[in-house]
$ cat data-v8.tsv   # TSV, C-alpha atoms (C1' of nucleotides)
chain	number	residue	atom	x	y	z
A	1	MET	CA	24.06	-64.23	6.62
A	2	THR	CA	26.23	-65.46	9.45
A	3	ALA	CA	29.32	-63.86	7.93
A	4	TYR	CA	27.62	-60.54	7.24
A	5	TRP	CA	26.12	-60.57	10.70
A	6	ALA	CA	29.33	-61.33	12.55
A	7	GLY	CA	31.26	-58.38	11.18
A	8	ASP	CA	30.80	-55.53	8.76
A	9	PRO	CA	29.00	-56.67	5.60
A	10	ALA	CA	31.28	-54.49	3.47
A	11	ASP	CA	34.33	-56.26	4.86
A	12	VAL	CA	33.20	-59.75	3.92
A	13	SER	CA	34.46	-60.76	0.50
A	14	ILE	CA	32.79	-63.10	-1.94
A	15	ASN	CA	35.90	-65.26	-1.71
A	16	ALA	CA	35.55	-65.55	2.06
A	17	ILE	CA	31.89	-66.45	1.78
A	18	CYS	CA	32.63	-69.15	-0.76
A	19	ALA	CA	35.28	-70.59	1.52
A	20	LEU	CA	32.98	-70.51	4.56
A	21	ALA	CA	30.14	-72.12	2.67
A	22	THR	CA	32.43	-74.52	0.77
A	23	VAL	CA	30.82	-73.39	-2.44
A	24	SER	CA	32.60	-72.54	-5.66
A	25	LYS	CA	32.53	-68.96	-6.79
A	26	PRO	CA	30.78	-69.63	-10.11
A	27	ALA	CA	28.15	-71.60	-8.19
A	28	LEU	CA	27.47	-68.57	-6.03
A	29	TYR	CA	27.25	-66.34	-9.08
A	30	ARG	CA	24.88	-68.77	-10.77
A	31	GLU	CA	22.64	-68.71	-7.71
A	32	PHE	CA	22.64	-65.01	-6.84
A	33	GLY	CA	23.97	-63.21	-9.89
A	34	GLY	CA	26.61	-61.31	-7.96
A	35	GLU	CA	27.39	-59.63	-4.67
A	36	ASP	CA	24.41	-57.34	-4.88
A	37	GLY	CA	22.01	-60.24	-5.39
A	38	LEU	CA	23.57	-62.18	-2.54
A	39	MET	CA	23.28	-59.29	-0.13
A	40	ARG	CA	19.71	-58.66	-1.11
A	41	ALA	CA	18.88	-62.34	-0.55
A	42	VAL	CA	20.65	-62.28	2.82
A	43	LEU	CA	18.77	-59.16	3.84
A	44	ASP	CA	15.42	-60.65	2.88
A	45	ARG	CA	16.19	-63.81	4.82
A	46	TYR	CA	17.35	-61.77	7.81
A	47	VAL	CA	14.21	-59.65	7.88
A	48	ASP	CA	12.12	-62.79	7.68
A	49	GLN	CA	13.98	-64.73	10.34
A	50	VAL	CA	15.16	-62.06	12.77
A	51	LEU	CA	13.94	-58.53	12.24
A	52	SER	CA	10.35	-59.72	12.07
A	53	GLU	CA	10.61	-59.93	15.86
A	54	ILE	CA	10.31	-56.14	16.01
A	55	PHE	CA	7.16	-56.07	13.89
A	56	ASP	CA	5.90	-58.92	16.01
A	57	ILE	CA	6.37	-56.96	19.22
A	58	LEU	CA	4.26	-54.14	17.79
A	59	SER	CA	1.40	-56.50	17.07
A	60	ARG	CA	1.23	-58.27	20.42
A	61	GLY	CA	-1.37	-55.91	21.81
A	62	LEU	CA	0.80	-54.90	24.73
A	63	THR	CA	0.46	-51.60	26.51
A	64	LEU	CA	2.63	-48.78	25.17
A	65	ASP	CA	4.87	-49.15	28.18
A	66	GLY	CA	5.09	-52.89	27.67
A	67	THR	CA	5.84	-52.50	23.99
A	68	LEU	CA	8.67	-50.06	24.61
A	69	ALA	CA	10.04	-52.30	27.35
A	70	ALA	CA	10.01	-55.27	24.99
A	71	LEU	CA	11.80	-53.25	22.30
A	72	ILE	CA	14.41	-52.11	24.79
A	73	GLN	CA	14.90	-55.66	25.97
A	74	PHE	CA	15.21	-57.04	22.46
A	75	ALA	CA	17.58	-54.41	21.13
A	76	SER	CA	19.88	-53.96	24.08
A	77	VAL	CA	19.91	-57.22	26.02
A	78	ASP	CA	18.66	-60.12	23.90
A	79	ALA	CA	21.51	-62.47	22.98
A	80	ARG	CA	20.30	-62.67	19.39
A	81	MET	CA	21.40	-59.07	18.95
A	82	ASP	CA	24.84	-59.56	20.47
A	83	ALA	CA	26.49	-58.93	17.12
A	84	GLY	CA	24.14	-56.12	16.20
A	85	CYS	CA	21.71	-56.09	13.32
A	86	VAL	CA	22.37	-56.92	9.68
A	87	PHE	CA	19.83	-54.37	8.52
A	88	PHE	CA	21.29	-51.44	10.42
A	89	LYS	CA	24.81	-52.51	9.50
A	90	MET	CA	23.87	-52.40	5.85
A	91	ARG	CA	22.03	-49.12	6.30
A	92	ALA	CA	25.07	-47.58	7.99
A	93	GLY	CA	27.20	-48.44	4.97
A	94	LYS	CA	24.50	-47.77	2.41
A	95	HIS	CA	26.83	-46.07	-0.05
A	96	ARG	CA	28.78	-49.30	-0.41
A	97	LEU	CA	25.78	-51.41	-1.37
A	98	GLY	CA	24.69	-52.43	-4.83
A	99	PRO	CA	21.50	-50.92	-6.24
A	100	MET	CA	19.20	-53.83	-5.42
A	101	THR	CA	20.37	-54.14	-1.84
A	102	ARG	CA	20.19	-50.41	-1.36
A	103	ASP	CA	16.61	-50.33	-2.57
A	104	ARG	CA	15.73	-53.12	-0.19
A	105	VAL	CA	17.32	-51.25	2.70
A	106	ASP	CA	15.30	-48.17	1.86
A	107	SER	CA	12.03	-50.04	1.61
A	108	ILE	CA	12.63	-51.94	4.84
A	109	ASP	CA	13.45	-48.68	6.55
A	110	ALA	CA	10.24	-47.13	5.25
A	111	ALA	CA	8.25	-50.19	6.26
A	112	ALA	CA	9.65	-50.05	9.79
A	113	VAL	CA	8.80	-46.39	10.20
A	114	ALA	CA	5.34	-47.03	8.80
A	115	ALA	CA	4.76	-49.90	11.22
A	116	PHE	CA	5.67	-47.72	14.18
A	117	GLU	CA	3.47	-44.97	12.84
A	118	VAL	CA	0.49	-47.29	12.63
A	119	TYR	CA	1.19	-48.55	16.12
A	120	LEU	CA	1.47	-45.05	17.53
A	121	THR	CA	-1.67	-43.83	15.86
A	122	ALA	CA	-3.62	-46.74	17.30
A	123	SER	CA	-1.99	-46.15	20.65
A	124	ARG	CA	-3.05	-42.52	20.62
A	125	ALA	CA	-6.60	-43.46	19.68
A	126	GLY	CA	-6.62	-45.83	22.64
A	127	GLY	CA	-5.56	-43.02	24.95
A	128	GLU	CA	-2.29	-44.70	25.90
A	129	TRP	CA	-0.05	-42.29	24.15
A	130	THR	CA	-0.57	-38.70	25.17
A	131	GLY	CA	2.10	-36.99	23.09
A	132	ASP	CA	1.47	-33.86	21.11
A	133	GLN	CA	4.24	-34.66	18.63
A	134	PRO	CA	3.17	-35.98	15.22
A	135	ALA	CA	3.24	-39.77	14.95
A	136	PRO	CA	5.67	-39.78	11.96
A	137	VAL	CA	8.25	-37.83	13.96
A	138	ILE	CA	8.09	-40.22	16.89
A	139	ALA	CA	8.08	-43.24	14.61
A	140	ARG	CA	11.25	-42.06	12.89
A	141	TYR	CA	12.76	-41.26	16.27
A	142	LEU	CA	12.10	-44.74	17.59
A	143	VAL	CA	13.66	-46.40	14.56
A	144	GLU	CA	16.77	-44.23	14.86
A	145	GLN	CA	17.14	-44.96	18.55
A	146	LEU	CA	16.80	-48.68	17.97
A	147	GLY	CA	19.41	-48.38	15.25
A	148	LEU	CA	21.75	-46.55	17.59
A	149	ALA	CA	21.38	-49.22	20.24
A	150	LEU	CA	21.98	-52.04	17.78
A	151	THR	CA	25.00	-50.24	16.37
A	152	GLN	CA	26.41	-49.88	19.86
A	153	ARG	CA	25.92	-53.58	20.48
A	154	ALA	CA	27.68	-54.41	17.22
A	155	ALA	CA	30.57	-52.27	18.46
A	156	GLY	CA	30.80	-54.49	21.52
A	157	GLU	CA	29.53	-52.02	24.07
A	158	ASP	CA	28.25	-53.24	27.41
A	159	PRO	CA	24.58	-54.27	27.06
A	160	ALA	CA	23.75	-52.61	30.37
A	161	GLN	CA	25.10	-49.32	29.09
A	162	VAL	CA	23.26	-49.71	25.80
A	163	GLN	CA	20.10	-50.39	27.74
A	164	SER	CA	20.47	-47.32	29.91
A	165	THR	CA	21.01	-45.14	26.84
A	166	LEU	CA	18.05	-46.61	24.97
A	167	ALA	CA	15.75	-46.48	28.00
A	168	LEU	CA	16.66	-42.85	28.47
A	169	ALA	CA	15.99	-42.07	24.83
A	170	LEU	CA	12.62	-43.79	24.84
A	171	SER	CA	11.59	-42.08	28.05
A	172	VAL	CA	10.61	-39.04	25.98
A	173	VAL	CA	7.54	-40.91	24.77
A	174	PRO	CA	4.78	-39.72	27.11
A	175	ARG	CA	2.75	-42.57	28.59
A	176	ALA	CA	-0.73	-42.04	29.95
B	1	MET	CA	40.91	-33.86	5.65
B	2	THR	CA	38.61	-32.58	2.93
B	3	ALA	CA	38.57	-35.98	1.22
B	4	TYR	CA	37.95	-37.91	4.45
B	5	TRP	CA	35.27	-35.44	5.43
B	6	ALA	CA	33.40	-35.49	2.14
B	7	GLY	CA	32.82	-39.23	2.10
B	8	ASP	CA	33.67	-42.28	4.14
B	9	PRO	CA	37.28	-42.19	5.36
B	10	ALA	CA	37.63	-45.91	4.69
B	11	ASP	CA	36.66	-45.40	1.06
B	12	VAL	CA	39.33	-42.82	0.33
B	13	SER	CA	42.51	-44.40	-0.99
B	14	ILE	CA	46.02	-43.12	-0.58
B	15	ASN	CA	46.21	-42.92	-4.36
B	16	ALA	CA	43.15	-40.68	-4.50
B	17	ILE	CA	44.55	-38.40	-1.80
B	18	CYS	CA	47.85	-38.06	-3.62
B	19	ALA	CA	46.01	-37.17	-6.81
B	20	LEU	CA	43.82	-34.60	-5.05
B	21	ALA	CA	46.77	-33.01	-3.29
B	22	THR	CA	49.05	-33.34	-6.34
B	23	VAL	CA	51.63	-34.99	-4.15
B	24	SER	CA	53.63	-38.07	-5.00
B	25	LYS	CA	52.97	-41.20	-2.98
B	26	PRO	CA	56.50	-41.51	-1.60
B	27	ALA	CA	56.30	-37.88	-0.50
B	28	LEU	CA	53.15	-38.64	1.47
B	29	TYR	CA	54.83	-41.66	3.04
B	30	ARG	CA	57.87	-39.59	3.96
B	31	GLU	CA	55.63	-37.06	5.67
B	32	PHE	CA	53.17	-39.32	7.49
B	33	GLY	CA	54.70	-42.77	7.52
B	34	GLY	CA	51.62	-44.45	6.08
B	35	GLU	CA	47.85	-44.40	6.00
B	36	ASP	CA	47.55	-44.74	9.76
B	37	GLY	CA	49.83	-41.76	10.36
B	38	LEU	CA	47.96	-39.67	7.82
B	39	MET	CA	44.60	-40.43	9.37
B	40	ARG	CA	45.87	-39.66	12.82
B	41	ALA	CA	47.24	-36.33	11.60
B	42	VAL	CA	43.97	-35.52	9.86
B	43	LEU	CA	41.99	-36.38	12.97
B	44	ASP	CA	44.18	-34.20	15.15
B	45	ARG	CA	43.83	-31.30	12.74
B	46	TYR	CA	40.07	-31.83	12.56
B	47	VAL	CA	39.66	-31.82	16.32
B	48	ASP	CA	41.71	-28.67	16.52
B	49	GLN	CA	39.94	-26.82	13.74
B	50	VAL	CA	36.37	-28.07	13.90
B	51	LEU	CA	35.44	-30.33	16.78
B	52	SER	CA	36.84	-27.84	19.26
B	53	GLU	CA	33.62	-25.91	18.64
B	54	ILE	CA	31.80	-28.45	20.81
B	55	PHE	CA	34.22	-28.07	23.70
B	56	ASP	CA	33.98	-24.33	23.20
B	57	ILE	CA	30.19	-24.36	23.52
B	58	LEU	CA	30.53	-26.10	26.87
B	59	SER	CA	32.84	-23.41	28.18
B	60	ARG	CA	30.80	-20.38	27.19
B	61	GLY	CA	29.05	-20.14	30.50
B	62	LEU	CA	25.62	-20.44	28.91
B	63	THR	CA	22.60	-21.75	30.75
B	64	LEU	CA	21.99	-25.49	30.42
B	65	ASP	CA	19.14	-24.75	28.08
B	66	GLY	CA	21.28	-22.42	26.01
B	67	THR	CA	24.11	-24.92	25.86
B	68	LEU	CA	21.88	-27.71	24.64
B	69	ALA	CA	20.29	-25.37	22.10
B	70	ALA	CA	23.73	-24.39	20.81
B	71	LEU	CA	24.73	-28.05	20.53
B	72	ILE	CA	21.54	-28.87	18.65
B	73	GLN	CA	22.08	-25.95	16.34
B	74	PHE	CA	25.69	-26.86	15.65
B	75	ALA	CA	25.13	-30.56	15.07
B	76	SER	CA	21.93	-30.47	13.08
B	77	VAL	CA	21.77	-27.17	11.25
B	78	ASP	CA	25.22	-25.56	11.02
B	79	ALA	CA	26.52	-25.67	7.45
B	80	ARG	CA	29.95	-26.76	8.66
B	81	MET	CA	28.43	-30.10	9.59
B	82	ASP	CA	26.66	-30.62	6.28
B	83	ALA	CA	28.92	-33.55	5.44
B	84	GLY	CA	28.87	-34.95	8.97
B	85	CYS	CA	31.82	-35.26	11.30
B	86	VAL	CA	35.21	-36.80	10.57
B	87	PHE	CA	35.53	-38.02	14.15
B	88	PHE	CA	32.21	-39.87	14.23
B	89	LYS	CA	32.81	-41.23	10.75
B	90	MET	CA	36.08	-42.70	11.89
B	91	ARG	CA	34.53	-43.98	15.11
B	92	ALA	CA	31.76	-45.68	13.15
B	93	GLY	CA	34.35	-47.61	11.14
B	94	LYS	CA	36.79	-48.09	13.99
B	95	HIS	CA	37.64	-51.66	13.04
B	96	ARG	CA	39.06	-50.42	9.77
B	97	LEU	CA	41.49	-47.95	11.33
B	98	GLY	CA	45.16	-48.42	12.02
B	99	PRO	CA	46.32	-48.69	15.64
B	100	MET	CA	47.41	-45.08	16.05
B	101	THR	CA	44.23	-43.61	14.61
B	102	ARG	CA	42.10	-45.99	16.64
B	103	ASP	CA	43.84	-44.96	19.83
B	104	ARG	CA	43.24	-41.31	18.97
B	105	VAL	CA	39.57	-41.99	18.34
B	106	ASP	CA	39.26	-43.68	21.71
B	107	SER	CA	40.99	-40.90	23.56
B	108	ILE	CA	38.98	-38.18	21.84
B	109	ASP	CA	35.81	-40.08	22.67
B	110	ALA	CA	36.85	-40.33	26.30
B	111	ALA	CA	37.80	-36.65	26.38
B	112	ALA	CA	34.42	-35.64	24.96
B	113	VAL	CA	32.51	-37.67	27.52
B	114	ALA	CA	34.72	-36.28	30.28
B	115	ALA	CA	34.10	-32.71	29.13
B	116	PHE	CA	30.35	-33.24	29.22
B	117	GLU	CA	30.66	-34.85	32.61
B	118	VAL	CA	32.53	-31.87	34.01
B	119	TYR	CA	29.97	-29.52	32.49
B	120	LEU	CA	27.04	-31.48	33.92
B	121	THR	CA	28.54	-31.71	37.38
B	122	ALA	CA	29.06	-27.96	37.45
B	123	SER	CA	25.58	-27.47	36.08
B	124	ARG	CA	24.11	-29.58	38.84
B	125	ALA	CA	26.06	-27.70	41.47
B	126	GLY	CA	24.62	-24.48	40.05
B	127	GLY	CA	21.13	-25.87	40.38
B	128	GLU	CA	20.46	-25.72	36.65
B	129	TRP	CA	20.39	-29.41	36.11
B	130	THR	CA	17.92	-31.24	38.30
B	131	GLY	CA	18.36	-34.78	37.03
B	132	ASP	CA	18.71	-37.75	39.31
B	133	GLN	CA	20.67	-39.74	36.71
B	134	PRO	CA	24.44	-40.03	37.25
B	135	ALA	CA	26.43	-37.44	35.30
B	136	PRO	CA	28.52	-40.07	33.43
B	137	VAL	CA	25.38	-41.71	32.05
B	138	ILE	CA	24.00	-38.43	30.73
B	139	ALA	CA	27.40	-37.39	29.40
B	140	ARG	CA	27.69	-40.62	27.41
B	141	TYR	CA	24.09	-40.21	26.27
B	142	LEU	CA	24.72	-36.73	24.95
B	143	VAL	CA	27.80	-37.81	23.01
B	144	GLU	CA	25.92	-40.69	21.41
B	145	GLN	CA	23.00	-38.47	20.43
B	146	LEU	CA	25.33	-35.91	18.88
B	147	GLY	CA	27.00	-38.75	17.02
B	148	LEU	CA	23.66	-40.01	15.77
B	149	ALA	CA	22.70	-36.55	14.52
B	150	LEU	CA	26.02	-36.05	12.76
B	151	THR	CA	25.79	-39.49	11.21
B	152	GLN	CA	22.34	-38.65	9.90
B	153	ARG	CA	23.64	-35.44	8.38
B	154	ALA	CA	26.49	-37.32	6.72
B	155	ALA	CA	23.84	-39.61	5.22
B	156	GLY	CA	22.22	-36.58	3.67
B	157	GLU	CA	19.09	-36.46	5.80
B	158	ASP	CA	17.07	-33.30	6.00
B	159	PRO	CA	18.58	-30.99	8.66
B	160	ALA	CA	15.12	-30.12	9.96
B	161	GLN	CA	14.41	-33.78	10.57
B	162	VAL	CA	17.79	-34.28	12.21
B	163	GLN	CA	17.06	-31.31	14.41
B	164	SER	CA	13.69	-32.62	15.49
B	165	THR	CA	15.20	-35.99	16.38
B	166	LEU	CA	18.08	-34.47	18.32
B	167	ALA	CA	15.89	-31.94	20.12
B	168	LEU	CA	13.58	-34.76	21.13
B	169	ALA	CA	16.49	-36.83	22.38
B	170	LEU	CA	17.95	-33.99	24.42
B	171	SER	CA	14.60	-33.11	25.91
B	172	VAL	CA	15.14	-35.89	28.45
B	173	VAL	CA	17.65	-33.70	30.24
B	174	PRO	CA	15.67	-32.06	33.02
B	175	ARG	CA	16.14	-28.29	33.19
B	176	ALA	CA	15.43	-26.32	36.32
C	1	DA	C1'	82.71	-26.87	-14.11
C	2	DT	C1'	82.54	-31.22	-12.13
C	3	DA	C1'	82.00	-34.65	-8.53
C	4	DA	C1'	79.42	-36.09	-4.43
C	5	DT	C1'	75.35	-35.94	-1.95
C	6	DT	C1'	70.58	-35.21	-0.99
C	7	DA	C1'	65.95	-34.89	-2.55
C	8	DA	C1'	61.95	-36.54	-4.82
C	9	DA	C1'	59.23	-38.90	-8.43
C	10	DT	C1'	58.51	-42.98	-11.72
C	11	DA	C1'	57.67	-47.51	-11.96
C	12	DC	C1'	57.00	-51.42	-9.76
C	13	DC	C1'	55.68	-55.11	-5.98
C	14	DA	C1'	52.58	-58.58	-3.74
C	15	DG	C1'	47.94	-59.15	-2.35
C	16	DT	C1'	43.03	-59.05	-2.98
C	17	DA	C1'	38.70	-57.48	-4.83
C	18	DG	C1'	34.58	-58.84	-7.93
C	19	DG	C1'	33.70	-61.36	-11.88
C	20	DT	C1'	34.09	-64.90	-15.85
C	21	DA	C1'	35.97	-68.08	-19.97
C	22	DC	C1'	36.44	-72.55	-20.64
C	23	DG	C1'	37.32	-77.30	-19.99
C	24	DA	C1'	35.92	-81.38	-17.20
C	25	DA	C1'	32.45	-84.11	-15.07
C	26	DA	C1'	27.91	-85.70	-14.55
C	27	DA	C1'	23.35	-86.39	-15.68
C	28	DT	C1'	19.99	-87.08	-19.22
C	29	DT	C1'	18.31	-88.79	-23.48
C	30	DG	C1'	18.24	-91.73	-27.75
D	1	DC	C1'	25.88	-98.55	-24.36
D	2	DA	C1'	26.63	-94.05	-26.91
D	3	DA	C1'	25.64	-89.34	-27.84
D	4	DT	C1'	24.04	-85.09	-26.16
D	5	DT	C1'	23.03	-81.76	-23.02
D	6	DT	C1'	23.47	-79.69	-18.70
D	7	DT	C1'	25.97	-78.82	-14.50
D	8	DC	C1'	29.95	-77.36	-12.17
D	9	DG	C1'	34.74	-76.00	-10.75
D	10	DT	C1'	39.64	-74.69	-11.98
D	11	DA	C1'	42.16	-71.13	-13.56
D	12	DC	C1'	42.30	-66.79	-15.09
D	13	DC	C1'	41.08	-61.69	-15.96
D	14	DT	C1'	41.26	-56.63	-14.91
D	15	DA	C1'	41.21	-53.12	-11.51
D	16	DC	C1'	42.81	-51.29	-7.45
D	17	DT	C1'	44.78	-51.47	-2.64
D	18	DG	C1'	48.84	-50.01	0.57
D	19	DG	C1'	53.61	-49.80	0.24
D	20	DT	C1'	58.56	-49.51	-1.75
D	21	DA	C1'	62.95	-50.21	-4.79
D	22	DT	C1'	65.12	-47.75	-8.22
D	23	DT	C1'	66.06	-44.14	-11.01
D	24	DT	C1'	65.99	-39.20	-12.04
D	25	DA	C1'	66.49	-34.35	-10.69
D	26	DA	C1'	68.25	-30.75	-7.79
D	27	DT	C1'	71.71	-29.13	-4.69
D	28	DT	C1'	76.03	-28.57	-2.48
D	29	DA	C1'	81.16	-28.97	-2.12
D	30	DT	C1'	85.37	-28.89	-4.26

$ encode --input "data-v8.tsv" --output "C-alpha cells"
Amino acid sequence: MTAYWAGDPADVSINAICALATVSKPALYREFGGEDGLMRAVLDRYVDQVLSEIFDILSRGLTLDGTLAALIQFASVDARMDAGCVFFKMRAGKHRLGPMTRDRVDSIDAAAVAAFEVYLTASRAGGEWTGDQPAPVIARYLVEQLGLALTQRAAGEDPAQVQSTLALALSVVPRA
Amino acid sequence: MTAYWAGDPADVSINAICALATVSKPALYREFGGEDGLMRAVLDRYVDQVLSEIFDILSRGLTLDGTLAALIQFASVDARMDAGCVFFKMRAGKHRLGPMTRDRVDSIDAAAVAAFEVYLTASRAGGEWTGDQPAPVIARYLVEQLGLALTQRAAGEDPAQVQSTLALALSVVPRA
DNA sequence: ATAATTAAATACCAGTAGGTACGAAAATTG
DNA sequence: CAATTTTCGTACCTACTGGTATTTAATTAT
C-alpha cells in the first residue's frame, strides 16, 4: 500500500514490492494470486484504513457547511493526503488494472456517490440544502471535485492552491 | 498523434507506432531522435491543430457567458473531444514523460492559464465579470475544470453527464 | 557498366515486466 | 530417530520495452 500510495500504482512492479517487503516473489503469488489480487487487497485495506474518513465525515451530523469544510480540509490540506489517494490514482489508470481491481474501483466509486446522495437527500429534507439540482448530479459532482483535488495533491501542487480550487468548486452547493 | 490520442500515451509503444505508420524503427529514430522527441512533436502538432480551438474561443470577442458556453460545448460535447485531449492525457502522466515533452507540457499549461488570465482581466475591465476573486485563481480553476471534463470524456463517460458537471463547475464565475 | 557513397531496413541488444517449475529446507507425523 | 508432507525460495521462462549495430538496397560518380 505504501508503494502504491507513494507513486503511481501502475509504475510499481511486483519485483519492487517484493524487494521493499523483503518477501520472495512466489510467496507473494501464493498469498495474493497475482498482481490483480494484490492490488485489490491493497485497495480494500486502503478504503478501510484511510478512505473511510470521507464516509465518516458524512455521518458526523455536521451542518452542510461544516461537512463541506471538513471535506475540503481533508482533501486539500490534511497531511495524510500529501501523496494523493490510492483510490483515485487507481481510478485514473483504470484501463491498466486487472479485472478484480477494476471491479472494486467501480463499486467503491458507486458506493461513494451513493453515500453523498444519501447525505444530500437528508440534508435537503432538513432544509439545509436548498439546491434545485437533483441529488445524484451533485453527489457525482462532489466526488469528481474531491478526485480532482486529490489528483492535484498527488502531482505535488501547493495545498493552498488546491484548497482554493476545491473551495471554489464546492461553493456552487447552495447553503440555506 | 492518432495513437496517443486514442488511448493513454504512456501505453503506446514505439513498436506499435512504427507498425501503425508502416515505418521502420530506425527511420522513426532518425526523424525524431527517440520517444521523447516524437511525443514533443506530436504535442506541438496537437496544440496547433486541435487545442488552438480553446485559445480561439477566447479571442472571438464573445460575451463572458458566450465564451464559457462555447468552452463547455467544446470540452464536453464536441465530437472532436470524444477521446479526450492529448495534452491533458500527457499532463496526467507527466512523470512518465521525457524531459523535452515534460517541458512542453509545462509551458503549454502556463500559456493556457495566462491566456485565460488575460481574457478575464479584459472581461473585468469591460464590466462583464464581476468576481472579487483574483484573475489568476479563476484562470487556473477554469483550466483544471476543462482538464477534468476532458479526462472524463477520455474515460468514456456520458457527454451529457460531463456537461452537467462542467456547467456546474463554471457556474461559480459571476456574470454581470 | 562498375565503383563509391548514401540511404534505409533487418536483426539484434540489454533491461524489465509478470509469472512459474522445481529443488531445497523445514515442519509434521509415524 | 526416520519418513512423509508441506512450505518456501532460487533460478528460470516468455513477452515486450526503448534503442542500435550491421547488413542490404538505392543512388551517384566515374

$ closest_atom_pairs --input "data-v8.tsv" --of "chain A" --to "chain D" --cutoff "8 Å" --atoms "all atoms listed in the file" --output "JSON lines"
{"residue": "A:Ser24", "atom": "CA", "partner": "D:DG9", "partner_atom": "C1'", "distance": 6.5}
{"residue": "A:Pro26", "atom": "CA", "partner": "D:DG9", "partner_atom": "C1'", "distance": 7.5}
{"residue": "A:Ala27", "atom": "CA", "partner": "D:DC8", "partner_atom": "C1'", "distance": 7.2}

$ closest_residue --input "data-v8.tsv" --among "A:Asp132, A:Asp48, A:Asp158, A:Asp8" --to "chain B" --atoms "only C-alpha atoms"
A:Asp8

$ residues_around --input "data-v8.tsv" --residues "stretch 136-141 of chain A" --least-positions-apart "2" --cutoff "9 Å" --atoms "all atoms listed in the file" --output "list of chain:residue names"
A:Ala112, A:Val113, A:Ala114, A:Ala115, A:Phe116, A:Glu117, A:Val118, A:Tyr119, A:Leu120, A:Gln133, A:Pro134, A:Val143, A:Glu144, A:Gln145, A:Leu146, A:Leu170, A:Val173, B:Gln161, B:Ser164, B:Thr165, B:Leu166, B:Leu168, B:Ala169

$ residues_around --input "data-v8.tsv" --residues "stretch 147-157 of chain A" --least-positions-apart "5" --cutoff "8 Å" --atoms "only C-alpha atoms (C1' of nucleotides)" --output "list in words"
Ala75, Ser76, Met81, Asp82, Ala83, Gly84, Cys85, Phe88, Lys89, Val162, Gln163, Thr165 and Leu166 of chain A; Leu148 of chain B

$ write_last_selection --input "data-v8.tsv" --atoms "C-alpha atoms" --output "CSV table (one decimal), keeping the file's coordinate frame"
chain,number,residue,atom,x,y,z
A,75,ALA,CA,17.6,-54.4,21.1
A,76,SER,CA,19.9,-54.0,24.1
A,81,MET,CA,21.4,-59.1,19.0
A,82,ASP,CA,24.8,-59.6,20.5
A,83,ALA,CA,26.5,-58.9,17.1
A,84,GLY,CA,24.1,-56.1,16.2
A,85,CYS,CA,21.7,-56.1,13.3
A,88,PHE,CA,21.3,-51.4,10.4
A,89,LYS,CA,24.8,-52.5,9.5
A,162,VAL,CA,23.3,-49.7,25.8
A,163,GLN,CA,20.1,-50.4,27.7
A,165,THR,CA,21.0,-45.1,26.8
A,166,LEU,CA,18.0,-46.6,25.0
B,148,LEU,CA,23.7,-40.0,15.8

$ atom_distance --input "data-v8.tsv" --atom1 "atom CA of B:Phe55" --atom2 "atom CA of B:Ala79"
18.1 Å

$ interface_residues --input "data-v8.tsv" --of "chain C" --to "chain B" --cutoff "10 Å" --atoms "all atoms listed in the file" --output "JSON list (two decimals) with C-alpha atoms (C1' of nucleotides), in the coordinates of the input"
[["chain", "number", "residue", "atom", "x", "y", "z"],
["C", 8, "DA", "C1'", 61.95, -36.54, -4.82],
["C", 9, "DA", "C1'", 59.23, -38.90, -8.43],
["C", 10, "DT", "C1'", 58.51, -42.98, -11.72]]

$ atom_distance --input "data-v8.tsv" --atom1 "atom CA of B:Gln49" --atom2 "atom CA of B:Val105"
15.9 Å

$ residues_around --input "data-v8.tsv" --residues "stretch 60-71 of chain B" --least-positions-apart "6" --cutoff "9 Å" --atoms "only C-alpha atoms (C1' of nucleotides)" --output "list in words"
Ile54, Leu120, Ser123, Glu128, Trp129, Leu146, Ala167, Leu170, Arg175 and Ala176 of chain B

$ closest_residue --input "data-v8.tsv" --among "A:Met1, A:Ala92, A:Ile108, A:Ile17" --to "chain B" --atoms "all atoms listed in the file"
A:Ala92
